[in-house]
file input17.tsv (TSV, C-alpha atoms and all ligand atoms)
chain	number	residue	atom	x	y	z
H	1	MET	CA	-49.77	-86.98	-2.56
H	2	ILE	CA	-52.75	-88.32	-4.47
H	3	PRO	CA	-55.31	-85.54	-4.97
H	4	GLU	CA	-58.79	-86.13	-3.52
H	5	ASN	CA	-60.53	-85.70	-6.81
H	6	PRO	CA	-58.46	-86.52	-9.86
H	7	TYR	CA	-61.28	-85.54	-12.19
H	8	ASP	CA	-60.03	-83.34	-14.96
H	9	PRO	CA	-62.55	-80.63	-15.86
H	10	VAL	CA	-60.85	-80.23	-19.24
H	11	LEU	CA	-62.29	-83.59	-20.25
H	12	GLU	CA	-65.80	-82.49	-19.45
H	13	ASP	CA	-65.36	-79.47	-21.70
H	14	ASN	CA	-63.93	-81.65	-24.37
H	15	VAL	CA	-66.86	-84.03	-24.30
H	16	THR	CA	-69.47	-81.31	-24.52
H	17	ALA	CA	-67.59	-79.75	-27.42
H	18	TYR	CA	-67.81	-82.88	-29.59
H	19	GLY	CA	-69.57	-82.28	-32.84
H	20	LYS	CA	-69.17	-78.52	-32.50
H	21	ASP	CA	-65.43	-78.13	-32.73
H	22	ALA	CA	-63.97	-78.52	-36.18
H	23	ALA	CA	-60.51	-79.32	-34.84
H	24	THR	CA	-61.85	-82.13	-32.68
H	25	ASP	CA	-63.83	-83.58	-35.56
H	26	LEU	CA	-60.71	-83.56	-37.65
H	27	VAL	CA	-58.81	-85.56	-35.06
H	28	THR	CA	-61.67	-87.98	-34.66
H	29	ALA	CA	-61.89	-88.60	-38.37
H	30	ALA	CA	-58.18	-89.30	-38.62
H	31	ALA	CA	-58.28	-91.55	-35.60
H	32	ASP	CA	-61.31	-93.50	-36.83
H	33	GLN	CA	-59.53	-94.14	-40.04
H	34	ALA	CA	-56.46	-95.21	-38.11
H	35	THR	CA	-58.57	-97.71	-36.19
H	36	GLN	CA	-60.20	-99.16	-39.27
H	37	ASP	CA	-57.36	-99.24	-41.71
H	38	ASN	CA	-54.39	-99.50	-39.54
H	39	ALA	CA	-55.23	-101.66	-36.57
H	40	SER	CA	-52.03	-103.66	-36.59
H	41	ASP	CA	-49.67	-101.18	-38.18
H	42	TYR	CA	-49.72	-97.68	-36.78
H	43	GLY	CA	-48.20	-95.68	-39.55
H	44	ILE	CA	-48.48	-91.96	-39.86
H	45	MET	CA	-51.95	-90.75	-40.69
H	46	VAL	CA	-52.03	-87.26	-42.10
H	47	ALA	CA	-55.18	-85.32	-41.38
H	48	GLN	CA	-56.21	-82.35	-43.47
H	49	ALA	CA	-55.02	-79.01	-42.21
H	50	LYS	CA	-57.56	-76.84	-40.48
H	51	PRO	CA	-58.73	-74.06	-42.82
H	52	ALA	CA	-56.78	-70.83	-42.41
H	53	ALA	CA	-58.41	-68.04	-40.46
H	54	PRO	CA	-59.08	-65.02	-42.68
H	55	GLY	CA	-55.77	-63.20	-43.07
H	56	GLY	CA	-54.07	-65.70	-40.80
H	57	VAL	CA	-51.64	-68.53	-41.41
H	58	PRO	CA	-52.88	-72.10	-41.84
H	59	ALA	CA	-52.72	-74.22	-38.71
H	60	PRO	CA	-50.13	-76.99	-39.01
H	61	ALA	CA	-51.35	-80.42	-40.08
H	62	ARG	CA	-51.87	-82.98	-37.35
H	63	GLU	CA	-50.25	-86.33	-37.90
H	64	PHE	CA	-51.31	-89.53	-36.21
H	65	LYS	CA	-48.16	-91.04	-34.69
H	66	LYS	CA	-49.09	-94.07	-32.66
H	67	GLN	CA	-51.55	-95.75	-30.38
H	68	THR	CA	-50.92	-97.78	-27.18
H	69	CYS	CA	-53.80	-99.81	-25.80
H	70	ASP	CA	-54.42	-101.09	-22.27
H	71	LYS	CA	-53.22	-104.62	-21.59
H	72	LYS	CA	-56.50	-105.73	-20.04
H	73	ALA	CA	-58.30	-105.02	-23.33
H	74	LEU	CA	-60.89	-102.75	-21.71
H	75	GLY	CA	-60.97	-100.76	-24.94
H	76	VAL	CA	-58.78	-97.86	-23.83
H	77	CYS	CA	-55.98	-96.58	-26.08
H	78	LEU	CA	-53.64	-93.60	-25.86
H	79	ARG	CA	-53.34	-91.87	-29.22
H	80	GLU	CA	-50.43	-89.60	-29.98
H	81	TYR	CA	-50.37	-86.92	-32.66
H	82	GLN	CA	-47.75	-84.47	-33.82
H	83	GLU	CA	-48.83	-80.98	-34.81
H	84	GLY	CA	-46.21	-79.00	-36.72
H	85	ASP	CA	-42.60	-79.24	-35.56
H	86	ASN	CA	-43.05	-78.22	-31.97
H	87	LYS	CA	-46.15	-79.84	-30.50
H	88	TYR	CA	-47.31	-83.34	-29.52
H	89	ARG	CA	-50.95	-83.92	-28.57
H	90	ILE	CA	-52.11	-86.85	-26.44
H	91	PHE	CA	-55.67	-88.15	-26.64
H	92	VAL	CA	-57.38	-91.18	-25.19
H	93	ALA	CA	-59.89	-93.34	-27.01
H	94	ASN	CA	-62.42	-95.04	-24.74
H	95	SER	CA	-64.41	-97.52	-26.77
H	96	SER	CA	-66.24	-98.79	-23.68
H	97	PHE	CA	-69.51	-97.47	-22.24
H	98	ASP	CA	-67.95	-97.09	-18.80
H	99	ASP	CA	-66.12	-94.25	-17.14
H	100	ILE	CA	-62.45	-95.14	-17.08
H	101	ASP	CA	-60.06	-94.48	-14.21
H	102	LEU	CA	-56.79	-93.92	-16.06
H	103	THR	CA	-53.20	-93.42	-14.96
H	104	VAL	CA	-50.73	-92.33	-17.64
H	105	ARG	CA	-47.00	-92.58	-17.06
H	106	LEU	CA	-44.88	-90.05	-18.91
H	107	SER	CA	-41.16	-90.73	-18.95
H	108	ALA	CA	-37.99	-89.83	-20.84
H	109	ILE	CA	-39.25	-86.27	-21.36
H	110	GLU	CA	-36.64	-84.34	-23.28
H	111	ASN	CA	-36.93	-80.68	-24.22
H	112	LEU	CA	-40.73	-80.73	-23.85
H	113	GLU	CA	-43.14	-78.83	-21.59
H	114	VAL	CA	-46.23	-80.78	-20.45
H	115	SER	CA	-49.42	-78.69	-20.56
H	116	ARG	CA	-51.10	-80.46	-17.66
H	117	LYS	CA	-50.06	-79.49	-14.13
H	118	ALA	CA	-52.99	-80.66	-11.99
H	119	ASP	CA	-53.34	-84.18	-10.55
H	120	LYS	CA	-49.76	-84.99	-11.40
H	121	ILE	CA	-47.33	-86.94	-9.24
H	122	ASP	CA	-43.58	-86.88	-9.89
H	123	VAL	CA	-41.95	-90.26	-9.38
H	124	ASP	CA	-38.23	-90.63	-10.05
H	125	ASP	CA	-37.80	-89.50	-13.64
H	126	SER	CA	-41.48	-89.96	-14.55
H	127	GLU	CA	-44.68	-87.97	-14.27
H	128	ILE	CA	-47.80	-89.90	-13.24
H	129	HIS	CA	-51.04	-88.27	-14.43
H	130	LYS	CA	-54.46	-89.42	-13.20
H	131	PHE	CA	-57.69	-88.96	-15.14
H	132	VAL	CA	-61.30	-90.06	-15.05
H	133	ILE	CA	-62.40	-90.50	-18.65
H	134	LYS	CA	-66.02	-90.27	-19.74
H	135	PRO	CA	-67.66	-93.23	-21.50
H	136	ARG	CA	-67.59	-93.17	-25.27
H	137	GLN	CA	-70.05	-90.81	-26.88
H	138	THR	CA	-72.19	-91.48	-29.89
H	139	GLY	CA	-70.08	-91.10	-33.00
H	140	THR	CA	-66.75	-90.59	-31.30
H	141	ASP	CA	-64.67	-92.11	-28.56
H	142	GLU	CA	-61.66	-89.78	-28.44
H	143	GLN	CA	-60.94	-87.26	-25.66
H	144	HIS	CA	-58.01	-84.85	-25.25
H	145	LEU	CA	-55.63	-85.40	-22.31
H	146	PHE	CA	-52.68	-83.02	-22.64
H	147	ASP	CA	-50.04	-81.57	-24.98
H	148	LEU	CA	-46.25	-81.52	-24.98
H	149	THR	CA	-44.63	-78.44	-26.49
H	150	LYS	CA	-40.97	-77.98	-27.41
H	151	ARG	CA	-39.13	-75.80	-24.87
H	152	ASP	CA	-36.09	-74.79	-26.88
H	153	LYS	CA	-37.34	-74.52	-30.43
H	154	SER	CA	-33.84	-74.18	-31.87
H	155	ALA	CA	-32.75	-77.53	-30.40
H	156	LYS	CA	-33.46	-80.61	-32.48
H	157	VAL	CA	-33.68	-83.14	-29.64
H	158	VAL	CA	-37.14	-83.92	-28.27
H	159	GLY	CA	-38.54	-87.08	-26.73
H	160	TYR	CA	-41.10	-88.62	-24.42
H	161	ASP	CA	-42.69	-91.97	-23.71
H	162	ALA	CA	-46.38	-92.19	-22.71
H	163	ILE	CA	-48.04	-95.40	-21.53
H	164	PRO	CA	-51.47	-96.17	-20.02
H	165	GLN	CA	-50.04	-97.57	-16.79
H	166	GLU	CA	-53.25	-98.36	-14.92
H	167	VAL	CA	-56.69	-98.66	-16.44
H	168	HIS	CA	-59.79	-99.52	-14.39
H	169	ARG	CA	-63.48	-99.45	-15.17
H	170	GLY	CA	-65.68	-96.94	-13.40
H	171	ASN	CA	-65.35	-93.55	-11.73
H	172	PRO	CA	-64.15	-94.09	-8.15
H	173	ASN	CA	-65.40	-90.58	-7.28
H	174	ALA	CA	-68.98	-91.28	-8.37
H	175	THR	CA	-71.48	-90.27	-5.68
H	176	PRO	CA	-75.02	-91.68	-5.75
H	177	ASP	CA	-77.47	-88.79	-6.28
H	178	GLY	CA	-80.30	-90.26	-4.20
H	179	THR	CA	-82.44	-91.35	-7.15
H	180	LEU	CA	-85.16	-93.79	-6.06
H	181	TYR	CA	-85.23	-97.06	-8.00
H	182	SER	CA	-88.24	-98.82	-9.49
H	183	LEU	CA	-88.78	-102.47	-8.65
H	184	PRO	CA	-86.76	-104.47	-11.21
H	185	TYR	CA	-89.75	-106.24	-12.76
H	186	PRO	CA	-92.83	-105.12	-14.72
H	187	LYS	CA	-96.03	-103.73	-13.23
H	188	GLY	CA	-98.43	-106.50	-12.22
H	189	ALA	CA	-95.63	-109.09	-12.17
H	190	ASN	CA	-96.34	-112.51	-10.62
H	191	ASP	CA	-100.14	-112.19	-10.94
H	192	ASN	CA	-99.84	-108.79	-9.31
H	193	LYS	CA	-98.42	-110.30	-6.14
H	194	GLY	CA	-94.86	-109.10	-6.78
H	195	TYR	CA	-91.82	-110.78	-5.22
H	196	LYS	CA	-90.36	-111.09	-1.74
H	197	ILE	CA	-86.90	-109.95	-0.78
H	198	THR	CA	-85.23	-113.04	0.65
H	199	GLN	CA	-81.88	-111.41	1.33
H	200	GLY	CA	-81.46	-107.71	2.04
H	201	PHE	CA	-78.63	-105.25	2.67
H	202	GLY	CA	-75.78	-106.82	4.60
H	203	GLY	CA	-77.49	-110.24	4.43
H	204	GLN	CA	-75.69	-113.03	6.19
H	205	GLY	CA	-75.65	-115.19	3.05
H	206	THR	CA	-73.78	-113.49	0.25
H	207	HIS	CA	-74.58	-109.82	0.89
H	208	GLN	CA	-72.27	-109.10	3.81
H	209	SER	CA	-71.21	-105.46	3.51
H	210	LYS	CA	-73.29	-105.11	0.35
H	211	SER	CA	-76.32	-102.96	-0.41
H	212	ALA	CA	-77.83	-105.68	-2.57
H	213	VAL	CA	-81.15	-107.54	-2.57
H	214	ASP	CA	-82.36	-110.95	-3.73
H	215	PHE	CA	-85.95	-111.35	-4.94
H	216	ASP	CA	-87.62	-114.79	-4.82
H	217	MET	CA	-88.23	-114.67	-8.56
H	218	PRO	CA	-88.66	-118.07	-10.27
H	219	ALA	CA	-86.91	-118.72	-13.59
H	220	ASP	CA	-88.36	-117.40	-16.88
H	221	ARG	CA	-89.82	-114.18	-15.48
H	222	ASP	CA	-89.28	-110.72	-16.98
H	223	VAL	CA	-86.63	-108.49	-15.43
H	224	ALA	CA	-87.10	-104.74	-16.00
H	225	ALA	CA	-84.75	-101.75	-15.71
H	226	ALA	CA	-85.06	-100.09	-12.30
H	227	ARG	CA	-83.51	-96.89	-13.71
H	228	ALA	CA	-82.73	-95.62	-17.22
H	229	GLY	CA	-79.13	-95.90	-18.45
H	230	VAL	CA	-76.71	-97.40	-20.92
H	231	VAL	CA	-75.75	-101.09	-20.95
H	232	ALA	CA	-72.04	-101.14	-20.06
H	233	ASP	CA	-71.44	-104.84	-19.53
H	234	LEU	CA	-73.26	-108.17	-19.69
H	235	LYS	CA	-72.91	-111.91	-19.89
H	236	GLY	CA	-75.63	-114.12	-21.28
H	237	ASP	CA	-73.95	-117.33	-22.36
H	238	SER	CA	-73.09	-119.07	-19.09
H	239	ALA	CA	-74.48	-122.58	-18.76
H	240	VAL	CA	-73.33	-122.88	-15.12
H	241	GLU	CA	-76.50	-123.15	-13.02
H	242	GLY	CA	-77.15	-123.42	-9.32
H	243	SER	CA	-73.50	-123.83	-8.43
H	244	GLY	CA	-72.66	-124.02	-4.75
H	245	ASN	CA	-69.06	-123.03	-5.42
H	246	GLU	CA	-68.11	-119.46	-4.78
H	247	SER	CA	-65.50	-119.87	-7.50
H	248	ASP	CA	-68.41	-119.83	-9.99
H	249	LYS	CA	-69.34	-116.28	-8.92
H	250	ASP	CA	-68.20	-114.84	-12.26
H	251	LYS	CA	-70.09	-117.47	-14.24
H	252	TRP	CA	-73.45	-115.82	-13.73
H	253	ASN	CA	-75.41	-114.17	-16.50
H	254	PHE	CA	-75.91	-110.51	-15.74
H	255	ILE	CA	-76.56	-107.04	-17.09
H	256	ARG	CA	-74.78	-103.94	-15.79
H	257	ILE	CA	-76.31	-100.56	-16.62
H	258	ARG	CA	-74.53	-97.24	-16.12
H	259	HIS	CA	-76.57	-94.23	-14.95
H	260	LYS	CA	-75.24	-91.08	-16.60
H	261	GLU	CA	-76.56	-88.70	-13.94
H	262	ASP	CA	-74.25	-89.92	-11.18
H	263	GLY	CA	-71.93	-92.60	-12.61
H	264	THR	CA	-73.44	-95.38	-10.47
H	265	VAL	CA	-74.32	-98.74	-12.00
H	266	ALA	CA	-77.12	-101.24	-11.41
H	267	ILE	CA	-76.42	-104.96	-11.66
H	268	TYR	CA	-79.11	-107.53	-12.48
H	269	GLY	CA	-77.77	-111.02	-11.82
H	270	HIS	CA	-78.35	-114.79	-12.11
H	271	LEU	CA	-80.25	-114.38	-15.39
H	272	LYS	CA	-81.09	-117.38	-17.52
H	273	LYS	CA	-78.66	-118.53	-20.22
H	274	GLY	CA	-79.74	-116.63	-23.34
H	275	GLY	CA	-81.91	-114.44	-21.11
H	276	VAL	CA	-80.14	-111.15	-21.83
H	277	LYS	CA	-82.32	-109.04	-24.13
H	278	VAL	CA	-80.05	-106.02	-24.55
H	279	LYS	CA	-76.65	-105.31	-26.12
H	280	ILE	CA	-73.65	-103.37	-24.85
H	281	GLY	CA	-74.20	-99.68	-25.65
H	282	ASP	CA	-78.01	-99.92	-25.70
H	283	GLN	CA	-79.89	-97.02	-24.14
H	284	VAL	CA	-82.36	-98.59	-21.76
H	285	LYS	CA	-85.53	-96.85	-20.61
H	286	LEU	CA	-86.97	-97.05	-17.11
H	287	ALA	CA	-89.14	-100.20	-16.77
H	288	GLN	CA	-87.98	-101.62	-20.10
H	289	VAL	CA	-87.81	-105.43	-20.03
H	290	ILE	CA	-84.10	-106.23	-20.30
H	291	GLY	CA	-83.81	-109.90	-19.41
H	292	VAL	CA	-85.22	-113.15	-18.12
H	293	SER	CA	-84.62	-114.53	-14.64
H	294	GLY	CA	-82.75	-117.73	-13.90
H	295	ASN	CA	-80.35	-119.47	-11.57
H	296	SER	CA	-76.96	-118.97	-13.24
H	297	GLY	CA	-73.61	-118.95	-11.46
H	298	TYR	CA	-73.11	-119.15	-7.69
H	299	SER	CA	-76.76	-119.53	-6.64
H	300	THR	CA	-78.81	-121.98	-4.61
H	301	GLY	CA	-82.10	-121.53	-6.49
H	302	ALA	CA	-83.68	-119.26	-9.08
H	303	HIS	CA	-83.81	-115.65	-7.88
H	304	LEU	CA	-82.98	-112.14	-9.03
H	305	HIS	CA	-79.99	-110.36	-7.50
H	306	PHE	CA	-80.16	-106.56	-7.78
H	307	GLU	CA	-77.64	-104.01	-6.58
H	308	VAL	CA	-76.55	-100.43	-7.10
H	309	ALA	CA	-72.78	-100.01	-7.05
H	310	VAL	CA	-69.84	-97.65	-7.59
H	311	ALA	CA	-66.29	-98.43	-8.71
H	312	ASP	CA	-63.68	-99.05	-6.02
H	313	GLY	CA	-60.76	-97.71	-8.08
H	314	GLN	CA	-59.37	-101.21	-8.60
H	315	GLY	CA	-61.76	-102.34	-11.31
H	316	ARG	CA	-64.31	-103.91	-8.95
H	317	TRP	CA	-67.86	-102.78	-8.15
H	318	LYS	CA	-68.82	-102.23	-4.57
H	319	ALA	CA	-72.47	-102.16	-3.63
H	320	THR	CA	-72.31	-99.95	-0.60
H	321	ASN	CA	-73.44	-96.80	1.17
H	322	PRO	CA	-75.26	-94.57	0.85
H	323	ASN	CA	-78.05	-97.12	0.91
H	324	TRP	CA	-80.21	-96.73	-2.16
H	325	LYS	CA	-83.99	-97.21	-1.94
H	326	PHE	CA	-86.88	-98.26	-4.13
H	327	ARG	CA	-89.79	-95.96	-4.94
H	328	ASP	CA	-93.39	-96.89	-4.08
H	329	LYS	CA	-96.37	-96.16	-6.33
H	330	ASP	CA	-96.72	-92.68	-4.85
H	331	GLY	CA	-93.09	-91.87	-5.50
H	332	LYS	CA	-92.13	-92.19	-1.82
H	333	PRO	CA	-88.97	-93.99	-0.65
H	334	LEU	CA	-89.43	-97.70	-0.09
H	335	GLU	CA	-86.84	-99.39	2.09
H	336	PRO	CA	-85.62	-102.68	0.59
H	337	LYS	CA	-85.64	-105.27	3.35
H	338	GLU	CA	-86.37	-108.88	4.18
H	339	ARG	CA	-90.05	-109.04	5.20
H	340	PRO	CA	-92.99	-111.45	4.82
H	341	GLU	CA	-94.93	-109.30	2.31
H	342	PRO	CA	-93.81	-109.24	-1.29
H	343	TYR	CA	-92.96	-105.99	-3.05
H	344	LYS	CA	-95.85	-105.43	-5.43
H	345	ASN	CA	-95.13	-103.36	-8.53
H	346	GLU	CA	-98.32	-101.36	-9.11
H	401	ZN	ZN	-77.71	-111.70	-4.17
call {"tool": "encode", "arguments": {"input": "input17.tsv", "output": "structure tokens"}}
result
Amino acid sequence: MIPENPYDPVLEDNVTAYGKDAATDLVTAAADQATQDNASDYGIMVAQAKPAAPGGVPAPAREFKKQTCDKKALGVCLREYQEGDNKYRIFVANSSFDDIDLTVRLSAIENLEVSRKADKIDVDDSEIHKFVIKPRQTGTDEQHLFDLTKRDKSAKVVGYDAIPQEVHRGNPNATPDGTLYSLPYPKGANDNKGYKITQGFGGQGTHQSKSAVDFDMPADRDVAAARAGVVADLKGDSAVEGSGNESDKDKWNFIRIRHKEDGTVAIYGHLKKGGVKVKIGDQVKLAQVIGVSGNSGYSTGAHLHFEVAVADGQGRWKATNPNWKFRDKDGKPLEPKERPEPYKNE
């Protein structure tokens, strides 16, 4: 049975401990070096041993063994280390700025005890472990998953095989926290008239079953962040404009910003070619100008598409319930809907 919430609290602890835990820093340093120096040839990287505790014995050195990266090139790699003769330690490196929904398949386990018991499914001769990995943090991208420890220390034979079997962007358990969104353009925009919503939630055009809105924004207007966050994905180089073919849906220019408070994302779409003013990993402030409007991709005229979404567990973003709202100038909820009056940002 798949557990309701495969989130591993160990990861949370691990993330908050970064920069404070000498052992973690040690691993990170070794792994960073492995990435830089050894990208195509994963030899054994020997990290320095942890200093001995007073009167104690030195901890065994940790050796970098190998790294296996996801096939979709989302920037997720399993990193395996050996510590002493009896312990293997498995970490994951997430070089993306997204949460990652990760399934690790462990097979051919011989004479080893796996430290992780929760959120595990036994299939035939394999163990399937599910995780939700935090986005990369400043200065490090490595997080601990589990360890394998030798059962019978006198026996020589040990073995296991670990692969990242499924890797998807986003936390499928993310729950919107009810934050109200600013209008996605600067104060006083459009000679202080603001813009109209021409297609609202569940719109019969392209928003069926979507909590997304289209503003009647002409090309070359400033687009501003409706909520603070980190730029997780973008496209700014598409020259496809005003296409009537749904197959050109992915050829729009867009910015996707992750909100750290609840793991939701906001998507700003149909931007102008070259109209993306941020980079992946940028911290964006509320109301910061992030792009320029346009008519790129599957679109019948210049407009701004805006949505708040969560991951569906299959690598797609679904803009859905609970229905998010804008915030008016008094901080009150403002329902986004198709109506004759524009939404003035004041
Ligand atoms: Zn739209």
call {"tool": "closest_residue", "arguments": {"input": "input17.tsv", "among": "H:Arg258, H:Lys318, H:His303, H:Lys325", "to": "ligand ZN 401 (chain H)", "atoms": "only C-alpha atoms and all ligand atoms"}}
result
H:His303
call {"tool": "residues_around", "arguments": {"input": "input17.tsv", "residues": "stretch 249-257 of chain H", "least_positions_apart": "3", "cutoff": "6 Å", "atoms": "all atoms listed in the file", "output": "ChimeraX atom specification"}}
result
/H:229-236,238,246,265-271,296-298
call {"tool": "closest_residue", "arguments": {"input": "input17.tsv", "among": "H:Gln204, H:Thr103, H:Gln283, H:Thr264", "to": "ligand ZN 401 (chain H)", "atoms": "only C-alpha atoms and all ligand atoms"}}
result
H:Gln204
call {"tool": "closest_residue", "arguments": {"input": "input17.tsv", "among": "H:Val213, H:Ala73, H:Val132, H:Leu106", "to": "H:Tyr160", "atoms": "only C-alpha atoms"}}
result
H:Leu106
call {"tool": "atom_distance", "arguments": {"input": "input17.tsv", "atom1": "atom CA of H:Asp220", "atom2": "atom CA of H:Gln199"}}
result
20.2 Å
call {"tool": "residues_near_ligand", "arguments": {"input": "input17.tsv", "ligand": "ligand ZN 401 (chain H)", "cutoff": "7 Å", "atoms": "only C-alpha atoms and all ligand atoms", "output": "MDAnalysis selection string"}}
result
chainID H and resid 199 206:207 212:214 305:306
call {"tool": "write_last_selection", "arguments": {"input": "input17.tsv", "atoms": "C-alpha atoms", "output": "PDB file, in the frame of the given file"}}
result
ATOM      1  CA  GLN H 199     -81.880-111.410   1.330  1.00  0.00           C
ATOM      2  CA  THR H 206     -73.780-113.490   0.250  1.00  0.00           C
ATOM      3  CA  HIS H 207     -74.580-109.820   0.890  1.00  0.00           C
ATOM      4  CA  ALA H 212     -77.830-105.680  -2.570  1.00  0.00           C
ATOM      5  CA  VAL H 213     -81.150-107.540  -2.570  1.00  0.00           C
ATOM      6  CA  ASP H 214     -82.360-110.950  -3.730  1.00  0.00           C
ATOM      7  CA  HIS H 305     -79.990-110.360  -7.500  1.00  0.00           C
ATOM      8  CA  PHE H 306     -80.160-106.560  -7.780  1.00  0.00           C
TER       9      PHE H 306
END
call {"tool": "closest_residue", "arguments": {"input": "input17.tsv", "among": "H:Ser243, H:Thr198, H:Gln82, H:Thr179", "to": "H:Lys150", "atoms": "only C-alpha atoms"}}
result
H:Gln82
call {"tool": "atom_distance", "arguments": {"input": "input17.tsv", "atom1": "atom CA of H:Gly205", "atom2": "atom CA of H:Lys277"}}
result
28.7 Å
call {"tool": "atom_distance", "arguments": {"input": "input17.tsv", "atom1": "atom CA of H:Arg136", "atom2": "atom CA of H:Arg169"}}
result
12.6 Å
call {"tool": "residues_near_point", "arguments": {"input": "input17.tsv", "point": "(-46.9, -84.7, -26.8)", "cutoff": "8 Å", "atoms": "all atoms listed in the file", "output": "mmCIF file with C-alpha atoms, in the coordinates of the input"}}
result
data_model
loop_
_atom_site.group_PDB
_atom_site.id
_atom_site.type_symbol
_atom_site.label_atom_id
_atom_site.label_comp_id
_atom_site.auth_asym_id
_atom_site.auth_seq_id
_atom_site.Cartn_x
_atom_site.Cartn_y
_atom_site.Cartn_z
ATOM 1 C CA GLU H 80 -50.430 -89.600 -29.980
ATOM 2 C CA TYR H 81 -50.370 -86.920 -32.660
ATOM 3 C CA GLN H 82 -47.750 -84.470 -33.820
ATOM 4 C CA LYS H 87 -46.150 -79.840 -30.500
ATOM 5 C CA TYR H 88 -47.310 -83.340 -29.520
ATOM 6 C CA ARG H 89 -50.950 -83.920 -28.570
ATOM 7 C CA ILE H 90 -52.110 -86.850 -26.440
ATOM 8 C CA LEU H 112 -40.730 -80.730 -23.850
ATOM 9 C CA VAL H 114 -46.230 -80.780 -20.450
ATOM 10 C CA PHE H 146 -52.680 -83.020 -22.640
ATOM 11 C CA ASP H 147 -50.040 -81.570 -24.980
ATOM 12 C CA LEU H 148 -46.250 -81.520 -24.980
ATOM 13 C CA THR H 149 -44.630 -78.440 -26.490
ATOM 14 C CA TYR H 160 -41.100 -88.620 -24.420
#
call {"tool": "residues_around", "arguments": {"input": "input17.tsv", "residues": "H:Lys329", "least_positions_apart": "3", "cutoff": "9 Å", "atoms": "all atoms listed in the file", "output": "JSON, numbers by chain"}}
result
{"H": [332, 345, 346]}
call {"tool": "closest_residue", "arguments": {"input": "input17.tsv", "among": "H:Leu145, H:Ala155, H:Ala287, H:Leu102", "to": "H:Ser115", "atoms": "only C-alpha atoms"}}
result
H:Leu145
call {"tool": "residues_near_point", "arguments": {"input": "input17.tsv", "point": "(-82.0, -118.2, -20.5)", "cutoff": "9 Å", "atoms": "all atoms listed in the file", "output": "VMD selection string"}}
result
chain H and resid 219 to 220 236 to 237 239 253 271 to 276 291 to 294 296
call {"tool": "residues_around", "arguments": {"input": "input17.tsv", "residues": "H:Asp191", "least_positions_apart": "2", "cutoff": "12 Å", "atoms": "only C-alpha atoms", "output": "list in words"}}
result
Pro186, Lys187, Gly188, Ala189, Lys193, Gly194, Tyr195, Arg221, Pro342, Lys344, Asn345 and Glu346 of chain H
call {"tool": "closest_residue", "arguments": {"input": "input17.tsv", "among": "H:Ala302, H:Asn86, H:Ile133, H:Gly331", "to": "H:Gly159", "atoms": "only C-alpha atoms"}}
result
H:Asn86
